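K.L.:
The structure file start_39.tsv (TSV, C-alpha atoms) is provided below.
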```tsv
chain	number	residue	atom	x	y	z
A	1	MET	CA	92.79	142.01	72.28
A	2	THR	CA	91.24	138.90	73.79
A	3	ALA	CA	88.00	138.83	75.76
A	4	THR	CA	89.96	138.52	78.99
A	5	GLU	CA	92.18	141.53	78.32
A	6	GLN	CA	91.02	144.85	79.70
A	7	ARG	CA	91.25	147.83	77.42
A	8	THR	CA	93.13	150.71	79.02
A	9	GLN	CA	92.80	153.48	76.43
A	10	GLY	CA	89.73	155.16	75.04
A	11	PRO	CA	88.88	155.19	71.32
A	12	LEU	CA	90.34	158.69	70.86
A	13	ALA	CA	93.72	157.94	72.46
A	14	GLY	CA	96.45	159.56	70.38
A	15	ILE	CA	94.20	162.38	69.17
A	16	THR	CA	95.23	165.89	70.25
A	17	VAL	CA	92.55	168.57	70.52
A	18	VAL	CA	93.19	172.27	71.04
A	19	GLY	CA	90.42	174.29	72.64
A	20	LEU	CA	90.29	178.03	71.96
A	21	GLU	CA	87.23	178.05	74.08
A	22	GLN	CA	85.14	179.66	76.74
A	23	ALA	CA	81.67	179.37	78.28
A	24	ILE	CA	79.78	176.17	77.32
A	25	SER	CA	79.50	175.13	73.67
A	26	ALA	CA	83.15	174.52	72.77
A	27	PRO	CA	84.24	173.34	76.26
A	28	LEU	CA	81.46	170.74	76.43
A	29	CYS	CA	82.43	169.43	72.99
A	30	THR	CA	86.10	169.08	73.94
A	31	ARG	CA	85.30	167.61	77.35
A	32	HIS	CA	83.42	164.78	75.67
A	33	LEU	CA	86.44	164.22	73.42
A	34	ALA	CA	88.65	164.12	76.52
A	35	ASP	CA	86.34	161.60	78.18
A	36	LEU	CA	86.98	159.24	75.26
A	37	GLY	CA	90.74	159.51	75.54
A	38	ALA	CA	91.76	162.54	73.48
A	39	ARG	CA	94.41	164.87	74.81
A	40	VAL	CA	92.76	168.28	75.15
A	41	ILE	CA	94.91	171.39	75.52
A	42	LYS	CA	92.76	174.28	76.66
A	43	VAL	CA	94.30	177.63	75.70
A	44	GLU	CA	93.30	180.38	78.12
A	45	ALA	CA	94.11	184.07	78.48
A	46	PRO	CA	96.75	184.60	81.20
A	47	GLY	CA	95.32	186.12	84.36
A	48	PHE	CA	91.69	185.68	83.31
A	49	GLY	CA	91.09	182.32	81.73
A	50	ASP	CA	87.75	180.95	80.66
A	51	SER	CA	84.94	183.32	81.66
A	52	THR	CA	83.09	180.55	83.50
A	53	ARG	CA	85.94	180.23	86.01
A	54	ALA	CA	84.62	183.36	87.74
A	55	TYR	CA	80.90	182.54	87.75
A	56	ASP	CA	80.99	181.30	91.36
A	57	SER	CA	83.21	179.27	93.71
A	58	VAL	CA	80.84	176.56	94.93
A	59	VAL	CA	83.00	173.55	93.98
A	60	GLY	CA	85.86	173.90	96.41
A	61	GLY	CA	86.72	177.34	95.06
A	62	MET	CA	85.92	176.56	91.42
A	63	SER	CA	82.69	177.37	89.62
A	64	ALA	CA	79.91	174.87	88.97
A	65	HIS	CA	80.04	175.56	85.23
A	66	PHE	CA	83.82	175.28	84.88
A	67	THR	CA	84.01	172.04	86.87
A	68	TRP	CA	81.25	170.49	84.76
A	69	LEU	CA	82.85	171.40	81.45
A	70	ASN	CA	86.60	171.09	81.85
A	71	HIS	CA	87.79	167.98	83.61
A	72	GLY	CA	90.32	165.89	81.75
A	73	LYS	CA	92.01	168.87	80.08
A	74	GLU	CA	95.38	170.61	80.27
A	75	SER	CA	95.31	174.38	80.78
A	76	ALA	CA	97.90	176.48	78.95
A	77	ALA	CA	97.81	180.20	79.73
A	78	LEU	CA	99.08	181.69	76.46
A	79	ASP	CA	98.84	185.27	75.24
A	80	LEU	CA	98.28	184.81	71.52
A	81	LYS	CA	99.04	188.50	70.92
A	82	SER	CA	102.59	187.73	72.06
A	83	ALA	CA	104.90	186.51	69.32
A	84	THR	CA	106.48	183.99	71.66
A	85	ASP	CA	103.22	182.48	72.87
A	86	LEU	CA	101.73	182.55	69.38
A	87	GLY	CA	104.78	180.61	68.21
A	88	THR	CA	104.17	178.00	70.90
A	89	PHE	CA	100.55	177.80	69.87
A	90	LEU	CA	101.42	177.28	66.22
A	91	ASN	CA	103.86	174.53	67.21
A	92	ILE	CA	101.00	172.83	69.05
A	93	LEU	CA	98.81	173.08	65.96
A	94	ALA	CA	101.53	171.44	63.87
A	95	THR	CA	100.98	168.20	65.77
A	96	ALA	CA	97.28	168.62	66.65
A	97	ASP	CA	94.36	166.83	65.05
A	98	VAL	CA	91.48	169.10	66.02
A	99	VAL	CA	90.99	172.71	67.06
A	100	VAL	CA	87.65	173.86	68.46
A	101	SER	CA	86.98	177.57	68.87
A	102	ASN	CA	84.04	179.66	70.03
A	103	LEU	CA	85.82	182.98	70.55
A	104	ALA	CA	84.17	186.30	69.70
A	105	PRO	CA	83.44	187.05	66.02
A	106	GLY	CA	86.62	187.91	64.13
A	107	ALA	CA	88.98	187.04	67.01
A	108	LEU	CA	90.87	184.34	65.14
A	109	ASP	CA	91.15	186.42	61.97
A	110	ARG	CA	92.64	189.31	63.93
A	111	LEU	CA	95.31	186.95	65.23
A	112	GLY	CA	96.11	185.72	61.73
A	113	ILE	CA	94.81	182.23	62.49
A	114	GLY	CA	91.39	182.32	60.85
A	115	THR	CA	89.82	179.14	59.55
A	116	ARG	CA	91.16	179.67	56.02
A	117	ASP	CA	94.68	180.22	57.34
A	118	LEU	CA	94.53	177.10	59.47
A	119	SER	CA	93.13	174.98	56.66
A	120	ARG	CA	95.88	176.20	54.30
A	121	ASP	CA	98.77	175.79	56.74
A	122	TYR	CA	97.61	172.56	58.41
A	123	PRO	CA	95.72	170.54	55.79
A	124	ARG	CA	95.13	167.55	58.11
A	125	LEU	CA	93.71	169.72	60.87
A	126	ILE	CA	90.00	169.57	61.70
A	127	VAL	CA	88.85	173.10	62.53
A	128	VAL	CA	85.52	173.64	64.29
A	129	ASP	CA	84.46	177.28	64.26
A	130	ILE	CA	81.47	177.90	66.56
A	131	SER	CA	79.72	181.24	66.24
A	132	GLY	CA	76.39	182.70	67.22
A	133	TYR	CA	74.96	183.53	63.82
A	134	GLY	CA	77.38	182.15	61.24
A	135	LYS	CA	79.37	184.15	58.71
A	136	GLY	CA	77.39	186.33	56.33
A	137	GLY	CA	74.03	187.89	56.96
A	138	PRO	CA	73.18	191.00	58.98
A	139	LEU	CA	73.95	189.51	62.41
A	140	ASP	CA	77.31	187.81	61.87
A	141	HIS	CA	79.14	190.50	63.87
A	142	LYS	CA	77.10	190.07	67.05
A	143	ARG	CA	78.17	188.38	70.23
A	144	ALA	CA	75.98	185.45	71.15
A	145	TYR	CA	75.04	183.88	74.46
A	146	ASP	CA	72.57	181.09	75.09
A	147	LEU	CA	69.69	183.38	76.12
A	148	LEU	CA	70.26	185.69	73.17
A	149	ILE	CA	70.25	182.85	70.66
A	150	GLN	CA	67.22	181.18	72.21
A	151	ALA	CA	65.39	184.51	72.07
A	152	GLU	CA	66.44	185.15	68.47
A	153	GLY	CA	65.63	181.56	67.49
A	154	GLY	CA	62.09	181.51	68.86
A	155	SER	CA	62.73	178.93	71.58
A	156	CYS	CA	61.66	181.24	74.39
A	157	SER	CA	58.38	182.02	72.62
A	158	ILE	CA	57.20	178.41	72.95
A	159	THR	CA	58.43	178.04	76.54
A	160	GLY	CA	56.69	179.36	79.63
A	161	ALA	CA	53.05	180.45	79.50
A	162	PRO	CA	50.99	182.60	77.12
A	163	GLY	CA	52.28	186.14	77.36
A	164	GLN	CA	55.09	185.00	79.65
A	165	PRO	CA	57.93	183.65	77.49
A	166	ALA	CA	60.75	181.92	79.35
A	167	LYS	CA	64.23	180.65	78.68
A	168	PRO	CA	64.49	176.89	79.26
A	169	GLY	CA	66.54	176.21	82.39
A	170	ILE	CA	68.99	174.04	80.44
A	171	PRO	CA	71.18	176.08	78.05
A	172	VAL	CA	69.88	174.19	75.03
A	173	ALA	CA	71.51	176.44	72.41
A	174	ASP	CA	74.94	175.94	73.97
A	175	VAL	CA	74.51	172.24	74.72
A	176	GLY	CA	72.92	171.45	71.36
A	177	THR	CA	75.75	173.23	69.55
A	178	ALA	CA	78.32	171.35	71.62
A	179	LEU	CA	76.81	168.01	70.65
A	180	TYR	CA	76.67	168.93	66.95
A	181	ALA	CA	80.32	169.98	67.16
A	182	TYR	CA	81.26	166.76	68.96
A	183	SER	CA	79.54	164.55	66.38
A	184	ALA	CA	81.01	166.54	63.48
A	185	VAL	CA	84.54	166.08	64.87
A	186	LEU	CA	84.04	162.33	65.04
A	187	ALA	CA	82.75	162.26	61.45
A	188	ALA	CA	85.68	164.41	60.29
A	189	LEU	CA	88.21	162.12	61.96
A	190	TYR	CA	86.65	159.17	60.16
A	191	ASP	CA	86.65	161.04	56.86
A	192	ARG	CA	90.30	162.00	57.30
A	193	GLU	CA	91.20	158.33	57.57
A	194	ARG	CA	89.82	157.89	54.05
A	195	THR	CA	90.90	161.15	52.40
A	196	GLY	CA	93.96	162.23	54.35
A	197	ARG	CA	92.54	165.73	54.70
A	198	GLY	CA	91.08	167.65	57.58
A	199	ALA	CA	87.99	169.82	57.45
A	200	VAL	CA	86.65	173.25	58.34
A	201	ILE	CA	83.35	172.92	60.17
A	202	PRO	CA	81.44	176.15	60.82
A	203	ILE	CA	78.62	175.74	63.33
A	204	ALA	CA	76.19	178.56	64.16
A	205	MET	CA	74.24	178.41	67.40
A	206	LEU	CA	71.24	179.95	65.63
A	207	ASP	CA	71.28	177.08	63.14
A	208	THR	CA	71.24	174.62	66.05
A	209	VAL	CA	68.19	176.22	67.62
A	210	ALA	CA	66.47	176.52	64.24
A	211	GLU	CA	66.95	172.78	63.72
A	212	MET	CA	65.53	172.04	67.16
A	213	MET	CA	62.52	174.22	66.35
A	214	GLY	CA	61.67	172.06	63.34
A	215	PHE	CA	58.21	170.95	64.45
A	216	ALA	CA	57.23	174.50	65.40
A	217	LEU	CA	58.56	175.85	62.11
A	218	ASN	CA	56.49	173.31	60.22
A	219	GLN	CA	53.38	174.34	62.10
A	220	VAL	CA	53.93	177.99	61.24
A	221	ILE	CA	54.91	177.36	57.62
A	222	HIS	CA	52.16	174.86	56.82
A	223	ALA	CA	49.34	175.76	59.20
A	224	GLY	CA	50.04	179.45	59.67
A	225	THR	CA	49.61	179.29	63.44
A	226	GLU	CA	52.13	180.07	66.17
A	227	PRO	CA	52.57	177.38	68.84
A	228	VAL	CA	51.26	178.58	72.20
A	229	PRO	CA	53.44	177.79	75.24
A	230	VAL	CA	51.73	175.66	77.87
A	231	GLY	CA	54.19	175.56	80.77
A	232	MET	CA	54.60	171.94	81.87
A	233	GLY	CA	53.36	170.44	78.64
A	234	SER	CA	53.68	170.52	74.88
A	235	PRO	CA	51.85	172.89	72.56
A	236	MET	CA	51.51	169.98	70.12
A	237	ILE	CA	50.05	167.25	72.36
A	238	ALA	CA	47.15	166.94	74.83
A	239	PRO	CA	46.53	165.84	77.48
A	240	TYR	CA	50.17	165.97	78.46
A	241	GLY	CA	51.31	167.79	81.56
A	242	ALA	CA	51.91	168.02	85.29
A	243	TYR	CA	49.17	167.39	87.82
A	244	PRO	CA	49.22	167.76	91.65
A	245	THR	CA	48.57	164.59	93.61
A	246	SER	CA	46.72	163.94	96.86
A	247	ASP	CA	50.00	163.57	98.78
A	248	GLY	CA	51.42	166.95	97.79
A	249	GLN	CA	53.58	165.79	94.91
A	250	THR	CA	53.29	166.32	91.15
A	251	ALA	CA	52.73	163.59	88.59
A	252	VAL	CA	53.72	164.14	84.99
A	253	LEU	CA	51.81	162.04	82.50
A	254	GLY	CA	49.91	162.14	79.26
A	255	THR	CA	49.51	160.73	75.80
A	256	THR	CA	51.44	160.87	72.56
A	257	ASN	CA	48.88	159.21	70.26
A	258	ASP	CA	45.19	158.38	70.00
A	259	ARG	CA	45.59	154.81	71.27
A	260	GLU	CA	47.28	156.04	74.43
A	261	TRP	CA	44.46	158.54	74.91
A	262	GLY	CA	41.99	155.67	74.95
A	263	ARG	CA	44.01	153.87	77.61
A	264	LEU	CA	44.35	157.05	79.68
A	265	ALA	CA	40.62	157.71	79.54
A	266	GLU	CA	39.95	154.18	80.79
A	267	MET	CA	42.66	154.52	83.46
A	268	ILE	CA	41.00	157.57	85.02
A	269	GLY	CA	37.56	155.92	84.94
A	270	ARG	CA	36.23	157.98	82.03
A	271	PRO	CA	36.28	155.52	79.08
A	272	GLU	CA	33.41	157.38	77.39
A	273	LEU	CA	35.76	160.30	76.71
A	274	ALA	CA	37.68	158.19	74.20
A	275	ASP	CA	34.53	158.03	72.04
A	276	GLU	CA	33.79	161.74	72.29
A	277	PRO	CA	34.29	163.16	68.74
A	278	ARG	CA	35.89	166.36	70.07
A	279	TYR	CA	38.58	164.28	71.79
A	280	ALA	CA	39.04	161.57	69.17
A	281	HIS	CA	42.21	162.95	67.61
A	282	ASN	CA	45.20	164.80	68.99
A	283	ASP	CA	44.64	167.98	66.97
A	284	THR	CA	41.15	168.42	68.46
A	285	ARG	CA	42.34	167.41	71.91
A	286	VAL	CA	44.89	170.22	71.74
A	287	GLU	CA	42.01	172.63	71.17
A	288	ALA	CA	40.26	171.18	74.23
A	289	ARG	CA	43.41	171.11	76.36
A	290	ASP	CA	41.93	173.02	79.33
A	291	GLU	CA	38.92	170.68	79.55
A	292	LEU	CA	41.03	167.55	79.47
A	293	ASP	CA	43.60	168.93	81.92
A	294	ALA	CA	40.77	169.61	84.35
A	295	VAL	CA	39.52	166.01	84.05
A	296	VAL	CA	42.94	164.42	84.40
A	297	GLY	CA	43.89	166.87	87.15
A	298	ALA	CA	40.78	166.02	89.17
A	299	TRP	CA	41.61	162.32	89.02
A	300	CYS	CA	45.23	162.87	90.03
A	301	ALA	CA	44.16	165.07	92.94
A	302	GLU	CA	42.33	162.05	94.41
A	303	HIS	CA	45.32	159.70	94.25
A	304	THR	CA	48.84	159.56	95.63
A	305	LEU	CA	51.83	159.72	93.34
A	306	ALA	CA	52.61	156.05	94.01
A	307	GLU	CA	49.06	155.05	93.10
A	308	ILE	CA	49.13	157.11	89.92
A	309	GLN	CA	52.46	155.71	88.77
A	310	LYS	CA	51.50	152.10	89.52
A	311	THR	CA	48.22	152.49	87.64
A	312	ALA	CA	49.83	154.31	84.72
A	313	ASP	CA	52.59	151.72	84.39
A	314	ALA	CA	49.98	148.96	84.28
A	315	ALA	CA	48.03	150.85	81.62
A	316	GLY	CA	51.09	151.54	79.50
A	317	ILE	CA	50.92	155.30	80.05
A	318	GLY	CA	54.20	157.19	80.34
A	319	ASN	CA	54.62	158.94	83.65
A	320	ALA	CA	57.20	160.60	85.89
A	321	ARG	CA	57.61	162.53	89.11
A	322	LEU	CA	58.35	166.25	88.98
A	323	ASN	CA	61.78	166.30	90.62
A	324	SER	CA	64.01	169.06	91.92
A	325	VAL	CA	67.70	169.32	91.10
A	326	ARG	CA	68.38	167.87	94.57
A	327	ASP	CA	66.19	164.90	93.66
A	328	LEU	CA	68.23	164.38	90.51
A	329	ALA	CA	71.51	164.51	92.44
A	330	GLU	CA	70.24	161.66	94.62
A	331	HIS	CA	68.25	159.82	91.93
A	332	PRO	CA	68.36	156.05	92.52
A	333	GLN	CA	68.31	155.36	88.78
A	334	LEU	CA	71.65	157.13	88.46
A	335	VAL	CA	73.10	155.72	91.67
A	336	GLU	CA	72.16	152.08	91.11
A	337	ARG	CA	73.43	152.12	87.52
A	338	GLY	CA	76.82	153.48	88.59
A	339	ARG	CA	76.49	156.72	86.63
A	340	TRP	CA	78.68	158.71	89.02
A	341	ARG	CA	82.49	158.87	89.11
A	342	GLU	CA	85.05	161.11	90.78
A	343	VAL	CA	87.26	163.67	89.07
A	344	GLY	CA	90.08	165.63	90.61
A	345	THR	CA	90.16	169.37	91.21
A	346	PRO	CA	92.79	171.62	92.82
A	347	SER	CA	90.83	171.27	96.08
A	348	GLY	CA	90.21	167.53	95.93
A	349	PRO	CA	87.96	164.96	94.22
A	350	VAL	CA	84.38	165.82	93.32
A	351	PRO	CA	81.53	163.76	91.82
A	352	ALA	CA	80.84	163.97	88.09
A	353	LEU	CA	78.54	162.05	85.80
A	354	LEU	CA	79.85	159.62	83.23
A	355	PRO	CA	79.28	160.68	79.60
A	356	PRO	CA	75.90	159.49	78.30
A	357	ALA	CA	77.22	157.60	75.25
A	358	VAL	CA	80.03	155.10	75.79
A	359	ALA	CA	80.32	151.71	74.11
A	360	ASP	CA	80.73	148.59	76.20
A	361	GLY	CA	84.44	148.07	76.81
A	362	TRP	CA	85.48	151.68	76.25
A	363	PRO	CA	87.33	153.06	79.26
A	364	VAL	CA	86.36	156.59	80.23
A	365	ARG	CA	89.14	158.89	81.35
A	366	SER	CA	88.24	160.79	84.49
A	367	GLY	CA	90.87	163.50	84.34
A	368	ALA	CA	91.17	166.43	86.71
A	369	VAL	CA	89.85	169.96	86.41
A	370	PRO	CA	92.91	172.14	85.78
A	371	ALA	CA	93.82	175.31	87.60
A	372	LEU	CA	94.42	178.25	85.26
A	373	GLY	CA	97.74	177.72	83.48
A	374	ALA	CA	98.53	174.54	85.40
A	375	HIS	CA	100.24	173.02	82.36
A	376	THR	CA	101.71	176.14	80.75
A	377	ASP	CA	105.35	175.46	81.59
A	378	ALA	CA	105.20	171.83	80.54
A	379	ILE	CA	103.47	172.69	77.27
A	380	ARG	CA	105.95	175.48	76.51
A	381	ALA	CA	108.81	173.06	77.08
A	382	GLU	CA	107.18	170.42	74.89
A	383	PHE	CA	106.34	172.76	72.00
A	384	GLU	CA	109.16	175.33	72.12
```
Could you quickly redo this structure as structure tokens?
P.N.:
Amino acid sequence: MTATEQRTQGPLAGITVVGLEQAISAPLCTRHLADLGARVIKVEAPGFGDSTRAYDSVVGGMSAHFTWLNHGKESAALDLKSATDLGTFLNILATADVVVSNLAPGALDRLGIGTRDLSRDYPRLIVVDISGYGKGGPLDHKRAYDLLIQAEGGSCSITGAPGQPAKPGIPVADVGTALYAYSAVLAALYDRERTGRGAVIPIAMLDTVAEMMGFALNQVIHAGTEPVPVGMGSPMIAPYGAYPTSDGQTAVLGTTNDREWGRLAEMIGRPELADEPRYAHNDTRVEARDELDAVVGAWCAEHTLAEIQKTADAAGIGNARLNSVRDLAEHPQLVERGRWREVGTPSGPVPALLPPAVADGWPVRSGAVPALGAHTDAIRAEFE
């Protein structure tokens, strides 16, 4: 392809992905694969479909979750307990490259299509098996949702305020698992090019959260102390937080190392604090968090957000504005960089963000959000 030719297909064109999926983790993984050109066949239960379809109807009759997670896919309403539909499904697998599943524990085994069966019968198939707790251990039978895994994995204990644990607003267990699954699929496709064989990739949501908790685990294991949640801040760094401004907004700023602390102290007109032994290093500043927050907060309360951000930028101090979701939807950094596109739905086009990671020159497919079973007849005819 010459420099003047425009590429029309994404890097995963020709790859077929089957999604035995619901909720967030598996659908987000397969949606990213669809964005890069893969054909994604979403297998849903007739009459019910993915559970997120029924969460609400805010997007022209479709739910916010389902619209976010499922554009660019084909929906096949197949009853896998039916011999006929199971036969169609197995015919799909015979030509598929990847299957991603996050059904309830034991669901695939009960249908006779567990990971071992699939690996034996379709040796080139890449099988991603997402579960809450992984196979083995005392909890492998339990259903798992984002809140449950975050609670079990300690994430909620370091979020919120002391004595008031909170679930992060973003479903980090689901999203983190989706991204691990997505990256593992890409690695497995590359490996298959070299070996000719597929792979079975088990991914436990608890393992994802445990990995994300690495710094907190190290603190407990090596220092013997539990991180204390600090709301808008980090239990590991100080000063670092959110501070009201004189014009009724909230500035978010702070330091991530001792050099930045010196610059921040000078920025707020208190350079002597940088030489105070109790504040010299981050570990002691964490112990004095309340004192330092009071000092930084008093300075911010005397300045507007614009003044704070201009001064902080000049001083090389990271800073941000505490935005609402509405602010994000209208954020000029997204608008001016062309981060929005349109995708189709049964009720018309809606805005959707482009995927975060796309190489220059890769076209992104902006497929439609499918109605339940919209492609069933066509898929049955193709794979009968």
K.L.:
To one decimal in Å, tell me the separation between CA of Glu211 (chain A) and CA of Ala151 (chain A).
P.N.:
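Pair CA of Glu211 (chain A) / CA of Ala151 (chain A) returns 14.5 Å.
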K.L.:
If we count only C-alpha atoms and set the cut-off at 12 Å, which residues sit around region 344-350 of chain A, ignoring sequence neighbours fewer than 2 positions away in its own chain? Please answer as a VMD selection string.
P.N.:
chain A and resid 57 to 64 66 to 68 70 to 73 340 to 342 352 to 353 365 to 372 374
K.L.:
Ala357 (chain A): which residues within 12 Å, counting only C-alpha atoms, same-chain residues fewer than 3 positions away excluded, as number ranges by chain?
P.N.:
A: 32-33, 35-36, 179, 182-183, 339, 353-354, 360, 362-364
K.L.:
Within 6 Å of region 239-243 of chain A, counting only C-alpha atoms, which residues qualify if same-chain residues fewer than 6 places away don't, as an mmCIF file with C-alpha atoms, in the frame of the given file?
P.N.:
```cif
data_model
loop_
_atom_site.group_PDB
_atom_site.id
_atom_site.type_symbol
_atom_site.label_atom_id
_atom_site.label_comp_id
_atom_site.auth_asym_id
_atom_site.auth_seq_id
_atom_site.Cartn_x
_atom_site.Cartn_y
_atom_site.Cartn_z
ATOM 1 C CA MET A 232 54.600 171.940 81.870
ATOM 2 C CA GLY A 233 53.360 170.440 78.640
ATOM 3 C CA THR A 250 53.290 166.320 91.150
ATOM 4 C CA ALA A 251 52.730 163.590 88.590
ATOM 5 C CA VAL A 252 53.720 164.140 84.990
ATOM 6 C CA LEU A 253 51.810 162.040 82.500
ATOM 7 C CA GLY A 254 49.910 162.140 79.260
ATOM 8 C CA THR A 255 49.510 160.730 75.800
ATOM 9 C CA GLY A 297 43.890 166.870 87.150
#
```
K.L.:
For Leu80 (chain A), which of A:Cys300, A:Ile113, A:Ala265, A:Leu12 is the closest residue, counting all atoms listed in the file?
P.N.:
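Answer, going by the shortest atom-to-atom distance: A:Ile113.
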K.L.:
In Å, with one decimal, what is the gap from CA of Glu302 (chain A) to CA of Gly231 (chain A)?
P.N.:
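Value for the CA of Glu302 (chain A)-CA of Gly231 (chain A) distance: 22.6 Å.
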K.L.:
Residues within 12 Å of (72.6, 163.2, 86.0), file coordinates, counting only C-alpha atoms: what are they? Give the list as a PyMOL selection string.
P.N.:
chain A and resi 68+324-335+337-341+351-356
K.L.:
Can you measure CA of Leu322 (chain A) to CA of Pro244 (chain A) for me? One decimal in Å is fine.
P.N.:
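Computing the Euclidean distance for CA of Leu322 (chain A) and CA of Pro244 (chain A) yields 9.6 Å.
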K.L.:
With distances taken over all atoms listed in the file, which residue among A:Val343, A:Met267, A:Val99, A:Ala274 lies nearest Ala314 (chain A)?
P.N.:
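Answer, going by the shortest atom-to-atom distance: A:Met267.
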K.L.:
Just want the 12 Å neighbourhood of Arg194 (chain A), counted on all atoms listed in the file, with same-chain residues fewer than 6 positions away dropped. Output as a list of chain:residue names.
P.N.:
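The residues satisfying every condition are A:Arg124, A:Ala187, A:Ala188.
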K.L.:
So which one's closest to Ser155 (chain A), A:Ala238, A:Ala216, A:Val43, A:Ala54? Using all atoms listed in the file, please.
P.N.:
A:Ala216
K.L.:
Can you find the residues with an atom no farther than 12 Å from (107.0, 180.4, 79.6), counting only C-alpha atoms, and report them as a VMD selection string?
P.N.:
chain A and resid 46 76 to 79 82 84 to 89 373 to 384
